[in-house]
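Text of data.pdb (PDB, C-alpha atoms) as supplied:
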ATOM      1  CA  SER T  65     113.671  69.505 -65.054
ATOM      2  CA  VAL T  66     115.629  71.158 -62.240
ATOM      3  CA  THR T  67     117.307  69.195 -59.434
ATOM      4  CA  ARG T  68     119.371  70.264 -56.396
ATOM      5  CA  SER T  69     119.630  73.863 -57.585
ATOM      6  CA  THR T  70     119.444  77.276 -55.929
ATOM      7  CA  PHE T  71     117.762  80.451 -57.233
ATOM      8  CA  LYS T  72     118.865  83.325 -55.012
ATOM      9  CA  ASN T  73     118.769  87.144 -54.941
ATOM     10  CA  ASN T  74     117.109  87.624 -58.318
ATOM     11  CA  ASP T  75     114.996  90.701 -59.151
ATOM     12  CA  ALA T  76     112.280  91.186 -61.776
ATOM     13  CA  LEU T  77     108.908  92.770 -62.400
ATOM     14  CA  GLU T  78     107.223  89.332 -62.319
ATOM     15  CA  GLY T  79     108.633  85.898 -61.514
ATOM     16  CA  ALA T  80     112.005  86.995 -60.192
ATOM     17  CA  ALA T  81     113.404  83.456 -60.026
ATOM     18  CA  ILE T  82     111.188  81.518 -62.464
ATOM     19  CA  LEU T  83     108.428  82.523 -64.901
ATOM     20  CA  LEU T  84     106.518  79.853 -66.827
ATOM     21  CA  GLU T  85     104.229  80.640 -69.746
ATOM     22  CA  PHE T  86     102.656  77.776 -71.704
ATOM     23  CA  SER T  87     105.395  75.658 -70.095
ATOM     24  CA  HIS T  88     105.898  72.692 -67.794
ATOM     25  CA  LEU T  89     108.590  72.298 -65.120
ATOM     26  CA  LYS T  90     109.618  69.618 -62.649
ATOM     27  CA  ILE T  91     111.757  70.875 -59.775
ATOM     28  CA  GLU T  92     113.235  68.713 -57.014
ATOM     29  CA  ALA T  93     115.304  69.230 -53.874
ATOM     30  CA  SER T  94     115.979  72.866 -54.726
ATOM     31  CA  ASN T  95     115.993  76.226 -52.947
ATOM     32  CA  ILE T  96     114.284  79.408 -54.098
ATOM     33  CA  LEU T  97     115.611  82.084 -51.770
ATOM     34  CA  ALA T  98     115.429  85.864 -51.300
ATOM     35  CA  ASN T  99     114.080  86.740 -54.732
ATOM     36  CA  VAL T 100     112.134  89.989 -55.190
ATOM     37  CA  ALA T 101     109.412  90.790 -57.732
ATOM     38  CA  ASP T 102     108.059  94.324 -58.030
ATOM     39  CA  GLU T 103     104.599  92.965 -58.826
ATOM     40  CA  ILE T 104     103.842  89.211 -58.562
ATOM     41  CA  GLY T 105     105.679  85.983 -57.828
ATOM     42  CA  GLY T 106     108.990  86.654 -56.136
ATOM     43  CA  GLY T 107     109.839  82.978 -56.425
ATOM     44  CA  MET T 108     107.736  81.800 -59.350
ATOM     45  CA  VAL T 109     104.917  82.838 -61.710
ATOM     46  CA  LEU T 110     102.791  80.501 -63.822
ATOM     47  CA  PHE T 111     100.861  81.829 -66.837
ATOM     48  CA  GLY T 112      99.121  80.259 -69.825
ATOM     49  CA  ALA T 113      98.007  76.900 -68.419
ATOM     50  CA  SER T 114     101.527  76.078 -67.261
ATOM     51  CA  THR T 115     102.313  73.272 -64.810
ATOM     52  CA  VAL T 116     104.947  72.936 -62.108
ATOM     53  CA  ILE T 117     105.602  69.721 -60.185
ATOM     54  CA  SER T 118     107.724  70.347 -57.105
ATOM     55  CA  HIS T 119     109.222  67.780 -54.733
ATOM     56  CA  HIS T 120     110.959  68.792 -51.497
ATOM     57  CA  THR T 121     111.755  72.343 -52.564
ATOM     58  CA  THR T 122     112.124  75.278 -50.157
ATOM     59  CA  PHE T 123     110.788  78.787 -50.830
ATOM     60  CA  SER T 124     112.249  81.211 -48.329
ATOM     61  CA  LYS T 125     112.456  85.000 -47.844
ATOM     62  CA  ASN T 126     110.960  85.812 -51.241
ATOM     63  CA  LYS T 127     109.038  89.093 -51.642
ATOM     64  CA  ALA T 128     106.432  90.474 -54.031
ATOM     65  CA  LEU T 129     103.387  92.698 -54.150
ATOM     66  CA  SER T 130     101.267  89.508 -54.186
ATOM     67  CA  GLY T 131     102.192  85.832 -54.184
ATOM     68  CA  ALA T 132     105.624  86.227 -52.651
ATOM     69  CA  ALA T 133     106.715  82.631 -53.313
ATOM     70  CA  ILE T 134     104.311  81.480 -56.063
ATOM     71  CA  PHE T 135     101.700  83.303 -58.147
ATOM     72  CA  CYS T 136      99.624  80.749 -60.066
ATOM     73  CA  ASP T 137      97.412  82.294 -62.755
ATOM     74  CA  ASP T 138      95.603  81.721 -66.037
ATOM     75  CA  SER T 139      94.421  78.083 -65.626
ATOM     76  CA  SER T 140      97.866  76.939 -64.477
ATOM     77  CA  THR T 141      98.517  74.095 -62.019
ATOM     78  CA  THR T 142     100.921  73.896 -59.089
ATOM     79  CA  ASN T 143     101.668  70.440 -57.621
ATOM     80  CA  LEU T 144     103.659  70.437 -54.384
ATOM     81  CA  ASN T 145     104.973  67.560 -52.300
ATOM     82  CA  GLY T 146     107.087  68.173 -49.238
ATOM     83  CA  ALA T 147     107.442  71.895 -49.956
ATOM     84  CA  VAL T 148     108.590  74.369 -47.313
ATOM     85  CA  PHE T 149     107.484  78.024 -47.356
ATOM     86  CA  LEU T 150     109.396  80.050 -44.803
ATOM     87  CA  ARG T 151     109.372  83.817 -44.137
ATOM     88  CA  ASN T 152     108.020  84.905 -47.515
ATOM     89  CA  GLU T 153     106.346  88.330 -47.562
ATOM     90  CA  ALA T 154     103.694  89.866 -49.816
ATOM     91  CA  ASN T 155     102.886  93.520 -49.520
ATOM     92  CA  VAL T 156      99.250  92.787 -50.455
ATOM     93  CA  ASN T 157      97.871  89.214 -50.831
ATOM     94  CA  GLY T 158      99.326  85.734 -50.429
ATOM     95  CA  GLY T 159     102.385  85.694 -48.208
ATOM     96  CA  ALA T 160     103.391  82.390 -49.795
ATOM     97  CA  ILE T 161     100.942  81.555 -52.632
ATOM     98  CA  VAL T 162      98.281  83.301 -54.690
ATOM     99  CA  LEU T 163      95.819  81.232 -56.745
ATOM    100  CA  ALA T 164      94.000  83.305 -59.366
ATOM    101  CA  SER T 165      92.087  82.981 -62.635
ATOM    102  CA  TYR T 166      90.917  79.348 -62.556
ATOM    103  CA  SER T 167      94.305  78.020 -61.405
ATOM    104  CA  THR T 168      94.774  74.840 -59.342
ATOM    105  CA  LEU T 169      96.903  73.959 -56.331
ATOM    106  CA  VAL T 170      97.518  70.384 -55.174
ATOM    107  CA  SER T 171      99.729  70.268 -52.092
ATOM    108  CA  ASP T 172     100.643  67.393 -49.800
ATOM    109  CA  ASN T 173     102.926  67.210 -46.780
ATOM    110  CA  SER T 174     103.957  70.868 -47.002
ATOM    111  CA  HIS T 175     104.997  73.341 -44.312
ATOM    112  CA  PHE T 176     104.037  77.032 -44.188
ATOM    113  CA  GLU T 177     105.753  79.056 -41.472
ATOM    114  CA  HIS T 178     106.177  82.780 -40.735
ATOM    115  CA  ASN T 179     104.821  83.903 -44.100
ATOM    116  CA  ARG T 180     102.902  87.163 -44.114
ATOM    117  CA  ALA T 181     100.605  89.380 -46.143
ATOM    118  CA  VAL T 182     101.084  92.946 -44.968
ATOM    119  CA  LEU T 183      98.131  94.924 -46.382
ATOM    120  CA  GLY T 184      95.859  92.228 -47.821
ATOM    121  CA  HIS T 185      94.666  88.695 -47.144
ATOM    122  CA  GLY T 186      96.072  85.189 -46.859
ATOM    123  CA  GLY T 187      99.177  85.037 -44.724
ATOM    124  CA  ALA T 188     100.122  81.743 -46.355
ATOM    125  CA  ILE T 189      97.607  81.113 -49.200
ATOM    126  CA  TYR T 190      95.190  83.428 -51.006
ATOM    127  CA  ARG T 191      92.586  81.788 -53.266
ATOM    128  CA  SER T 192      90.358  83.813 -55.601
ATOM    129  CA  ASP T 193      88.776  84.017 -59.062
ATOM    130  CA  GLY T 194      87.367  80.480 -59.159
ATOM    131  CA  ALA T 195      90.696  78.836 -58.402
ATOM    132  CA  SER T 196      90.658  75.367 -56.815
ATOM    133  CA  MET T 197      92.857  73.864 -54.150
ATOM    134  CA  ASN T 198      93.462  70.472 -52.576
ATOM    135  CA  VAL T 199      95.743  70.717 -49.541
ATOM    136  CA  SER T 200      96.457  67.780 -47.232
ATOM    137  CA  ASP T 201      98.793  66.676 -44.420
ATOM    138  CA  SER T 202     100.285  70.150 -44.080
ATOM    139  CA  ILE T 203     101.288  72.524 -41.290
ATOM    140  CA  PHE T 204     100.444  76.236 -41.045
ATOM    141  CA  LEU T 205     102.493  77.833 -38.276
ATOM    142  CA  SER T 206     102.745  81.511 -37.289
ATOM    143  CA  ASN T 207     101.618  82.957 -40.613
ATOM    144  CA  SER T 208      99.941  86.371 -40.577
ATOM    145  CA  ALA T 209      97.669  88.713 -42.505
ATOM    146  CA  ILE T 210      98.552  91.842 -40.598
ATOM    147  CA  ASN T 211      95.826  94.125 -41.893
ATOM    148  CA  GLY T 212      93.588  91.596 -43.628
ATOM    149  CA  ASN T 213      91.835  88.262 -43.219
ATOM    150  CA  GLY T 214      92.946  84.643 -43.159
ATOM    151  CA  GLY T 215      96.233  84.367 -41.325
ATOM    152  CA  GLY T 216      96.691  80.858 -42.693
ATOM    153  CA  ILE T 217      94.382  80.560 -45.714
ATOM    154  CA  TYR T 218      92.049  83.089 -47.307
ATOM    155  CA  MET T 219      89.332  81.876 -49.688
ATOM    156  CA  SER T 220      87.360  84.616 -51.433
ATOM    157  CA  TYR T 221      83.578  84.592 -51.796
ATOM    158  CA  GLN T 222      83.974  83.592 -55.445
ATOM    159  CA  GLY T 223      83.509  79.854 -55.733
ATOM    160  CA  CYS T 224      83.489  78.078 -59.060
ATOM    161  CA  ARG T 225      81.106  76.122 -61.228
ATOM    162  CA  LEU T 226      81.638  73.203 -63.516
ATOM    163  CA  LEU T 227      82.193  74.329 -67.092
ATOM    164  CA  LYS T 228      79.745  71.608 -68.154
ATOM    165  CA  TYR T 229      77.035  73.195 -66.005
ATOM    166  CA  CYS T 230      77.654  76.642 -67.491
ATOM    167  CA  SER T 231      77.574  75.245 -71.012
ATOM    168  CA  GLU T 232      74.279  73.486 -70.372
ATOM    169  CA  LYS T 233      72.816  76.788 -69.172
ATOM    170  CA  GLY T 234      73.508  78.315 -72.567
ATOM    171  CA  ILE T 235      76.380  80.589 -71.600
ATOM    172  CA  GLU T 236      78.216  81.773 -74.704
ATOM    173  CA  ARG T 237      81.724  80.430 -75.180
ATOM    174  CA  ARG T 238      83.388  83.743 -74.397
ATOM    175  CA  GLY T 239      81.619  83.803 -71.040
ATOM    176  CA  LEU T 240      82.250  80.218 -69.934
ATOM    177  CA  LYS T 241      85.304  80.906 -67.795
ATOM    178  CA  SER T 242      83.602  83.809 -66.089
ATOM    179  CA  CYS T 243      80.580  81.630 -65.393
ATOM    180  CA  ALA T 244      82.770  78.826 -64.037
ATOM    181  CA  ALA T 245      84.462  81.292 -61.702
ATOM    182  CA  GLY T 246      81.124  82.216 -60.187
ATOM    183  CA  LYS T 247      81.068  85.751 -61.591
ATOM    184  CA  ASN T 248      77.873  85.475 -63.669
ATOM    185  CA  THR T 249      74.960  84.794 -61.346
ATOM    186  CA  GLU T 250      71.958  85.884 -63.408
ATOM    187  CA  ASN T 251      69.514  83.039 -64.100
ATOM    188  CA  LEU T 252      71.851  80.439 -62.549
ATOM    189  CA  ASP T 253      71.103  78.152 -59.640
ATOM    190  CA  SER T 254      73.222  79.331 -56.715
ATOM    191  CA  ALA T 255      73.462  75.725 -55.493
ATOM    192  CA  SER T 256      75.628  74.991 -58.523
ATOM    193  CA  ILE T 257      78.444  77.123 -57.140
ATOM    194  CA  LEU T 258      81.214  74.872 -55.855
ATOM    195  CA  GLN T 259      83.716  75.995 -53.263
ATOM    196  CA  CYS T 260      86.491  74.132 -55.107
ATOM    197  CA  SER T 261      88.572  73.564 -52.003
ATOM    198  CA  HIS T 262      89.432  70.331 -50.233
ATOM    199  CA  LEU T 263      91.408  70.639 -47.000
ATOM    200  CA  GLU T 264      92.365  67.515 -45.073
ATOM    201  CA  ASP T 265      94.579  66.720 -42.061
ATOM    202  CA  LEU T 266      95.911  70.240 -41.643
ATOM    203  CA  SER T 267      97.447  71.779 -38.531
ATOM    204  CA  PHE T 268      96.946  75.511 -37.811
ATOM    205  CA  THR T 269      98.981  76.979 -34.938
ATOM    206  CA  ASN T 270      99.578  80.598 -33.940
ATOM    207  CA  ASN T 271      98.414  82.111 -37.225
ATOM    208  CA  THR T 272      97.174  85.687 -36.859
ATOM    209  CA  ALA T 273      95.045  88.141 -38.828
ATOM    210  CA  TYR T 274      92.875  91.208 -38.454
ATOM    211  CA  ALA T 275      90.013  88.729 -38.844
ATOM    212  CA  GLY T 276      90.013  84.966 -39.362
ATOM    213  CA  PRO T 277      93.344  83.661 -38.047
ATOM    214  CA  SER T 278      93.225  80.286 -39.815
ATOM    215  CA  GLY T 279      91.012  80.482 -42.873
TER     216      GLY T 279
END
Before we go any further, please render this structure as structure tokens.
Amino acid sequence: SVTRSTFKNNDALEGAAILLEFSHLKIEASNILANVADEIGGGMVLFGASTVISHHTTFSKNKALSGAAIFCDDSSTTNLNGAVFLRNEANVNGGAIVLASYSTLVSDNSHFEHNRAVLGHGGAIYRSDGASMNVSDSIFLSNSAINGNGGGIYMSYQGCRLLKYCSEKGIERRGLKSCAAGKNTENLDSASILQCSHLEDLSFTNNTAYAGPSG
């Protein structure tokens, strides 16, 4: 675990401050500041079904191609409580957070302010590839997708399906994840596609985008 620590001015190809792969981390009352990744996750990257549990940690002024503060991938899970995301910048998607490849975000009482995606979507959060998210009691203030959609939150057209449903439909094992992400549509009931997002008690103020200022 990490407590009352600062990760500042680090540079890397991916995960400039922290990179987790098949790992689990608890981080509390810490600061992840001004880290730069050439590709993904200026502040943090999660691969290989990793898990991070964060309490009252600030992600500020981090930069990356996508997922400037956090890039959550490969069935990983990000749990946030009382997190602050301030002035993070992605050149493409996810000014603060990118959720990809069946990953999960659970966030409560968090604050997203002045984060931006320059060329892509999701000024604060970008969700794609069957990822799921549960965000509650949070504030989205003055985030922007300058040339894209979703100044606050962008959720792609790809929903997700229950793995159980895909299995019952006879999808081969190697295709189960793709089915669950909503990528295989042949011979499947479209009503089975789940949006995999629960948003509750959120405040959106002054978020901007080429289209879709909030979500």
List the neighbours of region 133-138 of chain T out to 8 Å using only C-alpha atoms; skip same-chain residues closer than 2 positions along the sequence, and give me the result as a compact mmCIF listing (two decimals) with C-alpha atoms, in the coordinates of the input.
# COMPACT_ATOMS: atom_id res chain seq x y z
CA ILE T 104 103.84 89.21 -58.56
CA GLY T 105 105.68 85.98 -57.83
CA GLY T 106 108.99 86.65 -56.14
CA GLY T 107 109.84 82.98 -56.42
CA MET T 108 107.74 81.80 -59.35
CA VAL T 109 104.92 82.84 -61.71
CA LEU T 110 102.79 80.50 -63.82
CA PHE T 111 100.86 81.83 -66.84
CA GLY T 112 99.12 80.26 -69.82
CA ALA T 113 98.01 76.90 -68.42
CA PHE T 123 110.79 78.79 -50.83
CA SER T 124 112.25 81.21 -48.33
CA ASN T 126 110.96 85.81 -51.24
CA LYS T 127 109.04 89.09 -51.64
CA ALA T 128 106.43 90.47 -54.03
CA SER T 130 101.27 89.51 -54.19
CA GLY T 131 102.19 85.83 -54.18
CA SER T 140 97.87 76.94 -64.48
CA THR T 141 98.52 74.10 -62.02
CA THR T 142 100.92 73.90 -59.09
CA PHE T 149 107.48 78.02 -47.36
CA ASN T 152 108.02 84.90 -47.52
CA GLY T 159 102.38 85.69 -48.21
CA ALA T 160 103.39 82.39 -49.80
CA ILE T 161 100.94 81.56 -52.63
CA VAL T 162 98.28 83.30 -54.69
CA LEU T 163 95.82 81.23 -56.74
CA ALA T 164 94.00 83.30 -59.37
CA SER T 165 92.09 82.98 -62.64
CA TYR T 166 90.92 79.35 -62.56
CA SER T 167 94.30 78.02 -61.40
CA THR T 168 94.77 74.84 -59.34
Just say which residues the PyMOL selection byres ((chain T and resi 263-276) around 10) picks in this file, as a ChimeraX atom specification.
/T:171-182,184-188,197-218,261-262,277-279
Keeping C-alpha atoms for every residue in the selection just given, could you write it to a file as a PDB file, keeping the file's coordinate frame?
ATOM      1  CA  SER T 171      99.729  70.268 -52.092  1.00  0.00           C
ATOM      2  CA  ASP T 172     100.643  67.393 -49.800  1.00  0.00           C
ATOM      3  CA  ASN T 173     102.926  67.210 -46.780  1.00  0.00           C
ATOM      4  CA  SER T 174     103.957  70.868 -47.002  1.00  0.00           C
ATOM      5  CA  HIS T 175     104.997  73.341 -44.312  1.00  0.00           C
ATOM      6  CA  PHE T 176     104.037  77.032 -44.188  1.00  0.00           C
ATOM      7  CA  GLU T 177     105.753  79.056 -41.472  1.00  0.00           C
ATOM      8  CA  HIS T 178     106.177  82.780 -40.735  1.00  0.00           C
ATOM      9  CA  ASN T 179     104.821  83.903 -44.100  1.00  0.00           C
ATOM     10  CA  ARG T 180     102.902  87.163 -44.114  1.00  0.00           C
ATOM     11  CA  ALA T 181     100.605  89.380 -46.143  1.00  0.00           C
ATOM     12  CA  VAL T 182     101.084  92.946 -44.968  1.00  0.00           C
ATOM     13  CA  GLY T 184      95.859  92.228 -47.821  1.00  0.00           C
ATOM     14  CA  HIS T 185      94.666  88.695 -47.144  1.00  0.00           C
ATOM     15  CA  GLY T 186      96.072  85.189 -46.859  1.00  0.00           C
ATOM     16  CA  GLY T 187      99.177  85.037 -44.724  1.00  0.00           C
ATOM     17  CA  ALA T 188     100.122  81.743 -46.355  1.00  0.00           C
ATOM     18  CA  MET T 197      92.857  73.864 -54.150  1.00  0.00           C
ATOM     19  CA  ASN T 198      93.462  70.472 -52.576  1.00  0.00           C
ATOM     20  CA  VAL T 199      95.743  70.717 -49.541  1.00  0.00           C
ATOM     21  CA  SER T 200      96.457  67.780 -47.232  1.00  0.00           C
ATOM     22  CA  ASP T 201      98.793  66.676 -44.420  1.00  0.00           C
ATOM     23  CA  SER T 202     100.285  70.150 -44.080  1.00  0.00           C
ATOM     24  CA  ILE T 203     101.288  72.524 -41.290  1.00  0.00           C
ATOM     25  CA  PHE T 204     100.444  76.236 -41.045  1.00  0.00           C
ATOM     26  CA  LEU T 205     102.493  77.833 -38.276  1.00  0.00           C
ATOM     27  CA  SER T 206     102.745  81.511 -37.289  1.00  0.00           C
ATOM     28  CA  ASN T 207     101.618  82.957 -40.613  1.00  0.00           C
ATOM     29  CA  SER T 208      99.941  86.371 -40.577  1.00  0.00           C
ATOM     30  CA  ALA T 209      97.669  88.713 -42.505  1.00  0.00           C
ATOM     31  CA  ILE T 210      98.552  91.842 -40.598  1.00  0.00           C
ATOM     32  CA  ASN T 211      95.826  94.125 -41.893  1.00  0.00           C
ATOM     33  CA  GLY T 212      93.588  91.596 -43.628  1.00  0.00           C
ATOM     34  CA  ASN T 213      91.835  88.262 -43.219  1.00  0.00           C
ATOM     35  CA  GLY T 214      92.946  84.643 -43.159  1.00  0.00           C
ATOM     36  CA  GLY T 215      96.233  84.367 -41.325  1.00  0.00           C
ATOM     37  CA  GLY T 216      96.691  80.858 -42.693  1.00  0.00           C
ATOM     38  CA  ILE T 217      94.382  80.560 -45.714  1.00  0.00           C
ATOM     39  CA  TYR T 218      92.049  83.089 -47.307  1.00  0.00           C
ATOM     40  CA  SER T 261      88.572  73.564 -52.003  1.00  0.00           C
ATOM     41  CA  HIS T 262      89.432  70.331 -50.233  1.00  0.00           C
ATOM     42  CA  PRO T 277      93.344  83.661 -38.047  1.00  0.00           C
ATOM     43  CA  SER T 278      93.225  80.286 -39.815  1.00  0.00           C
ATOM     44  CA  GLY T 279      91.012  80.482 -42.873  1.00  0.00           C
TER      45      GLY T 279
END
Go through the shown structure with the PyMOL selection byres ((chain T and resi 192) around 6) and write out the matching residues as a PDB file with C-alpha atoms, in the coordinates of the input.
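Output contents, as saved in part05.pdb:
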ATOM      1  CA  ALA T 164      94.000  83.305 -59.366  1.00  0.00           C
ATOM      2  CA  ARG T 191      92.586  81.788 -53.266  1.00  0.00           C
ATOM      3  CA  ASP T 193      88.776  84.017 -59.062  1.00  0.00           C
ATOM      4  CA  GLY T 194      87.367  80.480 -59.159  1.00  0.00           C
ATOM      5  CA  ALA T 195      90.696  78.836 -58.402  1.00  0.00           C
ATOM      6  CA  SER T 220      87.360  84.616 -51.433  1.00  0.00           C
TER       7      SER T 220
END
One-decimal distance in Å that lies between CA of Ala80 (chain T) and CA of His119 (chain T):
20.2 Å
For the atom pair CA of Thr122 (chain T) and CA of Ser94 (chain T), what is the interatomic distance in Å to one decimal place?
6.4 Å
Pick from T:Val148, T:Ala132, T:Leu83, T:Val100: nearest to Thr115 (chain T), with only C-alpha atoms counted?
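For Thr115 (chain T), the nearest of the given residues is T:Leu83.
The space between CA of Glu92 (chain T) and CA of Asn157 (chain T) spans 26.4 Å.
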Ranking T:Val170, T:Ala147, T:Leu129, T:Met219 by minimum distance to Leu77 (chain T) and counting all atoms listed in the file, which one comes first?
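Looking at the shortest contact to Leu77 (chain T), the residue is T:Leu129.
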Close residues, Ser65 (chain T) itself excluded, 7 Å, only C-alpha atoms, min 5 positions apart in chain, as JSON, numbers by chain
{"T": [89, 90, 91]}
Those residues you just picked out, can you put them in a file as an mmCIF file, in the frame of the given file with C-alpha atoms?
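New file again_24.cif:
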data_model
loop_
_atom_site.group_PDB
_atom_site.id
_atom_site.type_symbol
_atom_site.label_atom_id
_atom_site.label_comp_id
_atom_site.auth_asym_id
_atom_site.auth_seq_id
_atom_site.Cartn_x
_atom_site.Cartn_y
_atom_site.Cartn_z
ATOM 1 C CA LEU T 89 108.590 72.298 -65.120
ATOM 2 C CA LYS T 90 109.618 69.618 -62.649
ATOM 3 C CA ILE T 91 111.757 70.875 -59.775
#
As lines of an AutoDock Vina configuration file, please report the centre and edge lengths, rounded to one decimal in Å, of the axis-aligned box that holds all listed atoms of region 150-160 of chain T with 5 Å of padding on each of the six sides.
center_x = 103.6
center_y = 86.8
center_z = -47.5
size_x = 21.5
size_y = 23.5
size_z = 16.7
Could you check which of T:Thr121, T:Asn155, T:Ser87, T:Ser139 is closest to Val66 (chain T), using only C-alpha atoms?
T:Thr121
Enumerate, as a PDB file with C-alpha atoms, keeping the file's coordinate frame, the residues matched when the PyMOL selection byres ((chain T and resi 75) around 7) is run on the file above.
ATOM      1  CA  ASN T  73     118.769  87.144 -54.941  1.00  0.00           C
ATOM      2  CA  ASN T  74     117.109  87.624 -58.318  1.00  0.00           C
ATOM      3  CA  ALA T  76     112.280  91.186 -61.776  1.00  0.00           C
ATOM      4  CA  ALA T  80     112.005  86.995 -60.192  1.00  0.00           C
ATOM      5  CA  ASN T  99     114.080  86.740 -54.732  1.00  0.00           C
ATOM      6  CA  VAL T 100     112.134  89.989 -55.190  1.00  0.00           C
ATOM      7  CA  ALA T 101     109.412  90.790 -57.732  1.00  0.00           C
TER       8      ALA T 101
END
